[in-house]
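Chemist: Please find one structure pasted underneath; my questions will follow.
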Amino acid sequence: MIPGPFTYHRPDSVADAVKLLVKLGDEARALAGGHSLIPMMKLRLATPDHLVDLAGIDVLKRIARDGDRIVIGAMTTQHELLASETIASALPILREAALLIADPQVRYRGTVGGNVANGDPGNDMPALMLTLGADYTLQGPDGSRSVAASEFYQGAYFTALEPSEILTSVSIPVPPAGHGYAYEKLKRKIGDYATAAAAVVLTMAGGKVATCSIGLTNLAETALLAEGAAQAVIGATLDDASLKKAAEAARAIMSPAGDGRGPPEYRKHVGGIMVERALKRAAAVAR
């Protein structure tokens, strides 16, 4: 449970952090909150020779409204999300989800950027970002680029992030006023990863679903955008038949692994239930 030896670096700008990652190459890892990397180092599953700590880069710590979008710096903590009036008013589903991440100690250190950039299918924020249509800004030796969250996740712990690149911010379009939202998460105990979870953002018109987006957590190698499930309820009143149709469409794209949280069949079953619950609660919020 003791990490191997490493050299610690604490740059004070993104440019300096990128230069360090370029110079040190494969032997360096960027450190955000550390809740994924440090345990892996303690188990010797990761043995970087250099840690580049991003905590000293002030520009990465911000929550700001930019027109019709909310920009969140990568080193913003989950606790800061919870304390933000901007998030509470414009993106309340992020606040709801952050309250379900681990415990207060973890939320004081865990960062939004670390949660979305790690590529861990059990992390909660990736499914939220897919559901909300977020874009990620990545900065590397060749400058910065924007990648849609829907194109970022390629497999478990594999993302579009190139070597020596840093995810610096997340940009999220503000949903329309009166939208409904819900994040339903089933877990074995407080602080655990999801056995299955579903995020829903929708709008209602005339008692029927007008727009809908559904994201799934820990039900495949990556977070999933359940487009078929969302289409199944558009134009519907969310009666039992349309809810079951949406749940089945969501289950059709799930491929969870069997683990201590249950076999694949069980996790797919409860995954569909999370979709139904999230749709019903989101619709109630919108109404």
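Simple scheme: letters A, B, ... for chains in structure tokens order, numbers from 1 for residues in each chain, numbers from 1 for ligands in the order shown.
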Would you please give, as a ChimeraX atom specification, all residues of segment 6-217 of chain A that DSSP assigns to strand (DSSP E or B) based on the backbone?

Modeler: /A:7-9,28-31,50-53,63-66,69-73,77,111,135-140,143-148,153-155,158-159,166-173,180-186,196-205,208-217

Chemist: Produce a file of the selected residues containing C-alpha atoms, as a PDB file, in the first residue's frame.

Modeler:
```
ATOM      1  CA  THR A   7       9.432  13.045  -8.528  1.00  0.00           C
ATOM      2  CA  TYR A   8       6.794  15.660  -7.759  1.00  0.00           C
ATOM      3  CA  HIS A   9       6.207  18.707  -9.993  1.00  0.00           C
ATOM      4  CA  ALA A  28       4.827  11.230 -16.192  1.00  0.00           C
ATOM      5  CA  ARG A  29       1.192  11.414 -15.144  1.00  0.00           C
ATOM      6  CA  ALA A  30      -0.948  14.492 -14.558  1.00  0.00           C
ATOM      7  CA  LEU A  31      -2.481  14.617 -11.079  1.00  0.00           C
ATOM      8  CA  HIS A  50       6.900  11.800 -12.239  1.00  0.00           C
ATOM      9  CA  LEU A  51       3.665  13.379 -11.000  1.00  0.00           C
ATOM     10  CA  VAL A  52       2.635  16.709 -12.501  1.00  0.00           C
ATOM     11  CA  ASP A  53       0.218  18.227  -9.980  1.00  0.00           C
ATOM     12  CA  ILE A  63     -17.304  28.214 -12.877  1.00  0.00           C
ATOM     13  CA  ALA A  64     -18.529  30.910 -15.252  1.00  0.00           C
ATOM     14  CA  ARG A  65     -21.418  31.632 -17.567  1.00  0.00           C
ATOM     15  CA  ASP A  66     -20.382  32.406 -21.145  1.00  0.00           C
ATOM     16  CA  ARG A  69     -23.069  27.970 -21.896  1.00  0.00           C
ATOM     17  CA  ILE A  70     -21.556  27.187 -18.501  1.00  0.00           C
ATOM     18  CA  VAL A  71     -17.770  26.717 -18.446  1.00  0.00           C
ATOM     19  CA  ILE A  72     -16.285  24.659 -15.618  1.00  0.00           C
ATOM     20  CA  GLY A  73     -12.533  24.551 -15.079  1.00  0.00           C
ATOM     21  CA  THR A  77     -13.983  20.256  -7.112  1.00  0.00           C
ATOM     22  CA  THR A 111     -12.305  17.328  -9.420  1.00  0.00           C
ATOM     23  CA  ASP A 135     -17.672  19.751 -24.994  1.00  0.00           C
ATOM     24  CA  TYR A 136     -14.187  19.301 -23.511  1.00  0.00           C
ATOM     25  CA  THR A 137     -11.278  21.663 -24.138  1.00  0.00           C
ATOM     26  CA  LEU A 138      -7.951  19.832 -24.403  1.00  0.00           C
ATOM     27  CA  GLN A 139      -4.610  21.592 -24.436  1.00  0.00           C
ATOM     28  CA  GLY A 140      -1.367  20.044 -25.624  1.00  0.00           C
ATOM     29  CA  GLY A 143      -2.398  24.141 -28.894  1.00  0.00           C
ATOM     30  CA  SER A 144      -5.975  23.612 -27.745  1.00  0.00           C
ATOM     31  CA  ARG A 145      -8.850  21.751 -29.330  1.00  0.00           C
ATOM     32  CA  SER A 146     -12.473  21.010 -28.491  1.00  0.00           C
ATOM     33  CA  VAL A 147     -13.858  17.475 -28.375  1.00  0.00           C
ATOM     34  CA  ALA A 148     -17.501  16.607 -27.830  1.00  0.00           C
ATOM     35  CA  TYR A 153     -14.837   7.999 -24.594  1.00  0.00           C
ATOM     36  CA  GLN A 154     -13.370   5.103 -26.551  1.00  0.00           C
ATOM     37  CA  GLY A 155     -13.175   2.263 -24.006  1.00  0.00           C
ATOM     38  CA  PHE A 158      -9.254   4.954 -23.085  1.00  0.00           C
ATOM     39  CA  THR A 159     -10.216   8.432 -24.287  1.00  0.00           C
ATOM     40  CA  ILE A 166      -4.536  18.130 -20.447  1.00  0.00           C
ATOM     41  CA  LEU A 167      -8.288  18.500 -20.204  1.00  0.00           C
ATOM     42  CA  THR A 168      -8.613  22.130 -19.101  1.00  0.00           C
ATOM     43  CA  SER A 169     -12.359  22.844 -19.062  1.00  0.00           C
ATOM     44  CA  VAL A 170     -15.853  21.567 -19.723  1.00  0.00           C
ATOM     45  CA  SER A 171     -18.388  23.658 -21.654  1.00  0.00           C
ATOM     46  CA  ILE A 172     -22.071  22.817 -21.255  1.00  0.00           C
ATOM     47  CA  PRO A 173     -25.058  24.377 -23.060  1.00  0.00           C
ATOM     48  CA  GLY A 180     -36.846  18.413 -16.159  1.00  0.00           C
ATOM     49  CA  TYR A 181     -33.884  16.465 -14.862  1.00  0.00           C
ATOM     50  CA  ALA A 182     -32.993  13.482 -12.703  1.00  0.00           C
ATOM     51  CA  TYR A 183     -30.025  11.278 -11.882  1.00  0.00           C
ATOM     52  CA  GLU A 184     -31.042   7.902 -10.473  1.00  0.00           C
ATOM     53  CA  LYS A 185     -28.199   5.866  -9.000  1.00  0.00           C
ATOM     54  CA  LEU A 186     -28.369   2.408  -7.454  1.00  0.00           C
ATOM     55  CA  ALA A 196     -26.362   1.124 -12.440  1.00  0.00           C
ATOM     56  CA  ALA A 197     -27.334   4.765 -12.945  1.00  0.00           C
ATOM     57  CA  ALA A 198     -29.290   6.846 -15.433  1.00  0.00           C
ATOM     58  CA  ALA A 199     -29.334  10.582 -16.150  1.00  0.00           C
ATOM     59  CA  VAL A 200     -32.275  12.249 -17.882  1.00  0.00           C
ATOM     60  CA  VAL A 201     -32.757  15.800 -19.156  1.00  0.00           C
ATOM     61  CA  LEU A 202     -36.041  16.543 -20.939  1.00  0.00           C
ATOM     62  CA  THR A 203     -38.631  19.148 -21.781  1.00  0.00           C
ATOM     63  CA  MET A 204     -42.409  18.750 -21.822  1.00  0.00           C
ATOM     64  CA  ALA A 205     -45.049  20.377 -24.028  1.00  0.00           C
ATOM     65  CA  LYS A 208     -45.916  15.056 -23.732  1.00  0.00           C
ATOM     66  CA  VAL A 209     -42.136  14.729 -23.944  1.00  0.00           C
ATOM     67  CA  ALA A 210     -40.793  17.273 -26.432  1.00  0.00           C
ATOM     68  CA  THR A 211     -37.045  16.660 -26.120  1.00  0.00           C
ATOM     69  CA  CYS A 212     -35.112  14.063 -24.171  1.00  0.00           C
ATOM     70  CA  SER A 213     -31.559  12.904 -23.544  1.00  0.00           C
ATOM     71  CA  ILE A 214     -30.561   9.865 -21.477  1.00  0.00           C
ATOM     72  CA  GLY A 215     -27.102   8.854 -20.228  1.00  0.00           C
ATOM     73  CA  LEU A 216     -26.060   5.619 -18.509  1.00  0.00           C
ATOM     74  CA  THR A 217     -23.336   5.051 -15.905  1.00  0.00           C
TER      75      THR A 217
END
```

Chemist: Check the smallest atom-to-atom distance from each of A:Val116, A:Leu94, A:Val285, A:Met125 to Phe152 of chain A using only C-alpha atoms, then report the winner.

Modeler: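 Of A:Val116, A:Leu94, A:Val285, A:Met125, the one nearest Phe152 of chain A, counting only C-alpha atoms, is A:Val116.
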
Chemist: Give the answer as one residue: which of A:Gly67, A:Ala117, A:Pro3, A:Ile87 has the shortest atom-to-atom distance to Met41 of chain A, using only C-alpha atoms?

Modeler: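 Closest candidate: A:Pro3.
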
Chemist: Per DSSP on the backbone, filter segment 202-232 of chain A down to the residues in helix (DSSP H, G or I) and report them as a PyMOL selection string.

Modeler: chain A and resi 227-232

Chemist: One number please: atom CA of Ala250 of chain A to atom CA of Ala229 of chain A, in Å, one decimal.

Modeler: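 Computing it gives 5.2 Å between the two atoms.
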
Chemist: Could you tell me which of A:Ala17, A:Ile2, A:Val22, A:Ala236 comes closest to Met40 of chain A if we count only C-alpha atoms?

Modeler: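 Once distances to Met40 of chain A are computed over only C-alpha atoms, the minimum belongs to A:Ile2.
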
Chemist: Quick one: residues within 10 Å of segment 259-273 of chain A, only C-alpha atoms, excluding same-chain residues fewer than 4 positions away - as number ranges by chain?

Modeler: A: 184-188, 192-198, 216-220, 229, 243-255, 277-279

Chemist: Go through A:Asn115, A:Asp124, A:Lys19, A:His79 and flag the residue nearest Asp142 of chain A, using only C-alpha atoms for the distances.

Modeler: A:Lys19

Chemist: Nearest to Lys189 of chain A: which of A:Leu100, A:Ala241, A:Ala230, A:Leu161 is it, counting only C-alpha atoms?

Modeler: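 Closest residue, counting only C-alpha atoms: A:Leu100.
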
Chemist: Please report the interatomic distance between atom CA of Gly113 of chain A and atom CA of Asp26 of chain A in Å with one decimal.

Modeler: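 Straight-line distance from atom CA of Gly113 of chain A to atom CA of Asp26 of chain A works out to 20.4 Å.
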